[in-house]
Amino acid sequence: MPKILVTGALGQIGTELCAALRLIHGQEQVIASDIRILNDTPFAIRPYVQLDVLDKIALHALILKEKITEVYHLAATLSATGEKHPLKAWELNMQGLFNVLDIAKTDKLKIFWPSSIAVFGPTGNKAFSQQHSVTAPTTAYGISKVAGELWCKYYHEQYGVDVRSIRYPGLISHTAPPGGGTTDYAVDIFHQALKHRHYTCFLKPHTTLPMMYMPDAIRATLQLMSAPADKVKIRIGYNVHALSFSPEQLAQEIGKHLPSLKIYYKPDDRQVIADSWPTSVDDHHARQDWHWQHEFELDTMVADMLKNLKQLVQHI
Ligand code: NAD
Ligand code: SER
């Protein structure tokens, strides 16, 4: 049975990934870790260890102490925050990954590391980015993901590290808030729609981006990690596709449930980032190699988000 460490576990993905991994492997088999200090750790998050992934000695000591065999390395700075602090984003995203890969090499660990649609840039195939389309991003975040993918492939080819990766699209979820990305509007809109019946979007109405509902993203992650090694033919990040929609289309779908919703637009710096990304990606390799298939469409995702969030929001 694997013993798993999740870094960045208190973030948008980690919160749900830890829960899913614990359902499969058992609560004690999955150690959640994050840089944040928790005074009172809720039961759902335990076992939890405060850990800075930039502290390689502490990371290695924890891996040895807990006899870790797999690491889901999620700690990172996302796109919008990365543009405010590019060198800090580079340091966390790259040095954190190097620390994990280097320990994986000596200790024979299996690694999951998430990449992003942010590997693509404005010179690529914007309408439908293929797996091997040009990756020439214009953001510090995107540069760190392209470099990270190549280093993962390098560690696999040179040292036999079993490292697997997915280029997640923008992720939509209702458990933990998103952490500073360009696609965060697609989560914020639900909260504001339920609370205030209006939302001011920081992207323009027709900005179409690849998106995915979190249950699909978690399923993709678990599916890739449980695939036989010889089926994982791509050792950079796999393209995975589910949805493509714009703020206007998302607002229209939410409006079917909340007809009084009003949406306003006030594009900011994040528009430039969004404009550099594709509107859709070709994921046939993931579908062929490890049978990836999304389940949630725009209408079923919106209905499920609202059902879950309504239980949390009082003013409805
Ligand atoms: P998030 O910002 O919600 O969570 C990141 C977590 O990392 C936070 O809890 C933060 O406290 C923690 N962290 C920051 N610095 C740390 C450090 N030095 N040591 C340990 N922990 C630290 O991010 P997320 O959305 O959960 O994303 C996780 C991964 O998935 C990232 O690599 C991100 O690039 C990738 N990804 C996310 C999305 C998305 O839409 N959420 C899309 C594509 C790729
Ligand atoms: N959702 C992420 C972001 O916007 C994409 O990697 O940064």
# chains A, B, ... in the order shown; residues from 1 in each chain; ligands from 1
>>> residues_near_ligand(ligand="ligand 2", cutoff="9 Å", atoms="only C-alpha atoms and all ligand atoms", output="PyMOL selection string")
chain A and resi 77-82+114-119+141-142+145+167-172+178-184+211+270+273-274
>>> residues_around(residues="Leu101 (chain A)", least_positions_apart="5", cutoff="8 Å", atoms="only C-alpha atoms", output="list in words")
Ile111, Cys152, Tyr155 and Val161 of chain A
>>> select_by_dssp(residues="region 265-307 of chain A", states="alpha helix (DSSP H)", output="VMD selection string")
chain A and resid 270 to 275 284 to 290 298 to 307
>>> closest_residue(among="A:Glu16, A:Asp230, A:Glu66, A:Asp162", to="ligand 1", atoms="only C-alpha atoms and all ligand atoms")
A:Glu16
>>> residues_around(residues="Glu253 (chain A)", least_positions_apart="3", cutoff="8 Å", atoms="only C-alpha atoms", output="MDAnalysis selection string")
chainID A and resid 249:250 256:257 298:299 302
>>> residues_around(residues="Gln192 (chain A)", least_positions_apart="4", cutoff="12 Å", atoms="only C-alpha atoms", output="list in words")
Tyr185, Ala186, Val187, Asp188, His196, Arg197, His198, Tyr199, Thr200, Cys201, Ala251, Ile254, Leu258, Leu261, Lys262, Ile263, Tyr264, Leu306, Leu309, Lys310, Val313, His315 and Ile316 of chain A
>>> residues_around(residues="region 234-243 of chain A", least_positions_apart="3", cutoff="7 Å", atoms="only C-alpha atoms", output="list in words")
Ser115, Gln131, Glu149, Leu150, Cys152, Lys153, Arg164, Ser165, Ile166, Arg167, Tyr168, Pro210, Met211, Met212, Val281, Asp282, Asp283, Ala286, His294, Glu297 and Leu298 of chain A
>>> residues_around(residues="His73 (chain A)", least_positions_apart="3", cutoff="7 Å", atoms="only C-alpha atoms", output="ChimeraX atom specification")
/A:6-7,112-113
>>> residues_around(residues="Ser144 (chain A)", least_positions_apart="5", cutoff="7 Å", atoms="only C-alpha atoms", output="PDB file with all heavy atoms, in the first residue's frame")
ATOM      1  N   TRP A  90       8.999  31.860  -9.616  1.00  0.00           N
ATOM      2  CA  TRP A  90      10.007  30.967 -10.222  1.00  0.00           C
ATOM      3  C   TRP A  90      10.699  30.143  -9.142  1.00  0.00           C
ATOM      4  O   TRP A  90      10.881  28.933  -9.263  1.00  0.00           O
ATOM      5  CB  TRP A  90      11.015  31.807 -11.015  1.00  0.00           C
ATOM      6  CG  TRP A  90      12.137  31.013 -11.603  1.00  0.00           C
ATOM      7  CD1 TRP A  90      13.409  30.919 -11.124  1.00  0.00           C
ATOM      8  CD2 TRP A  90      12.093  30.183 -12.776  1.00  0.00           C
ATOM      9  NE1 TRP A  90      14.160  30.089 -11.925  1.00  0.00           N
ATOM     10  CE2 TRP A  90      13.382  29.621 -12.952  1.00  0.00           C
ATOM     11  CE3 TRP A  90      11.094  29.867 -13.698  1.00  0.00           C
ATOM     12  CZ2 TRP A  90      13.689  28.758 -14.003  1.00  0.00           C
ATOM     13  CZ3 TRP A  90      11.405  29.009 -14.752  1.00  0.00           C
ATOM     14  CH2 TRP A  90      12.698  28.462 -14.889  1.00  0.00           C
ATOM     15  N   ASN A  93       8.134  27.555  -7.624  1.00  0.00           N
ATOM     16  CA  ASN A  93       7.685  26.551  -8.589  1.00  0.00           C
ATOM     17  C   ASN A  93       8.834  25.658  -9.059  1.00  0.00           C
ATOM     18  O   ASN A  93       8.636  24.458  -9.279  1.00  0.00           O
ATOM     19  CB  ASN A  93       6.995  27.220  -9.781  1.00  0.00           C
ATOM     20  CG  ASN A  93       5.708  27.945  -9.359  1.00  0.00           C
ATOM     21  OD1 ASN A  93       5.391  28.030  -8.181  1.00  0.00           O
ATOM     22  ND2 ASN A  93       4.977  28.472 -10.325  1.00  0.00           N
ATOM     23  N   MET A  94      10.030  26.221  -9.195  1.00  0.00           N
ATOM     24  CA  MET A  94      11.149  25.412  -9.688  1.00  0.00           C
ATOM     25  C   MET A  94      11.923  24.726  -8.564  1.00  0.00           C
ATOM     26  O   MET A  94      12.181  23.539  -8.621  1.00  0.00           O
ATOM     27  CB  MET A  94      12.116  26.280 -10.506  1.00  0.00           C
ATOM     28  CG  MET A  94      11.520  26.806 -11.786  1.00  0.00           C
ATOM     29  SD  MET A  94      10.644  25.566 -12.771  1.00  0.00           S
ATOM     30  CE  MET A  94      11.933  24.400 -13.113  1.00  0.00           C
TER      31      MET A  94
END
>>> atom_distance(atom1="CA of Ala140 (chain A)", atom2="CA of Gly14 (chain A)")
22.3 Å
>>> closest_residue(among="A:Ala227, A:Leu222, A:Phe296, A:Leu209", to="Leu23 (chain A)", atoms="only C-alpha atoms")
A:Leu222
>>> closest_residue(among="A:Thr221, A:Ser226, A:Thr41, A:Thr106", to="ligand 1", atoms="only C-alpha atoms and all ligand atoms")
A:Thr221
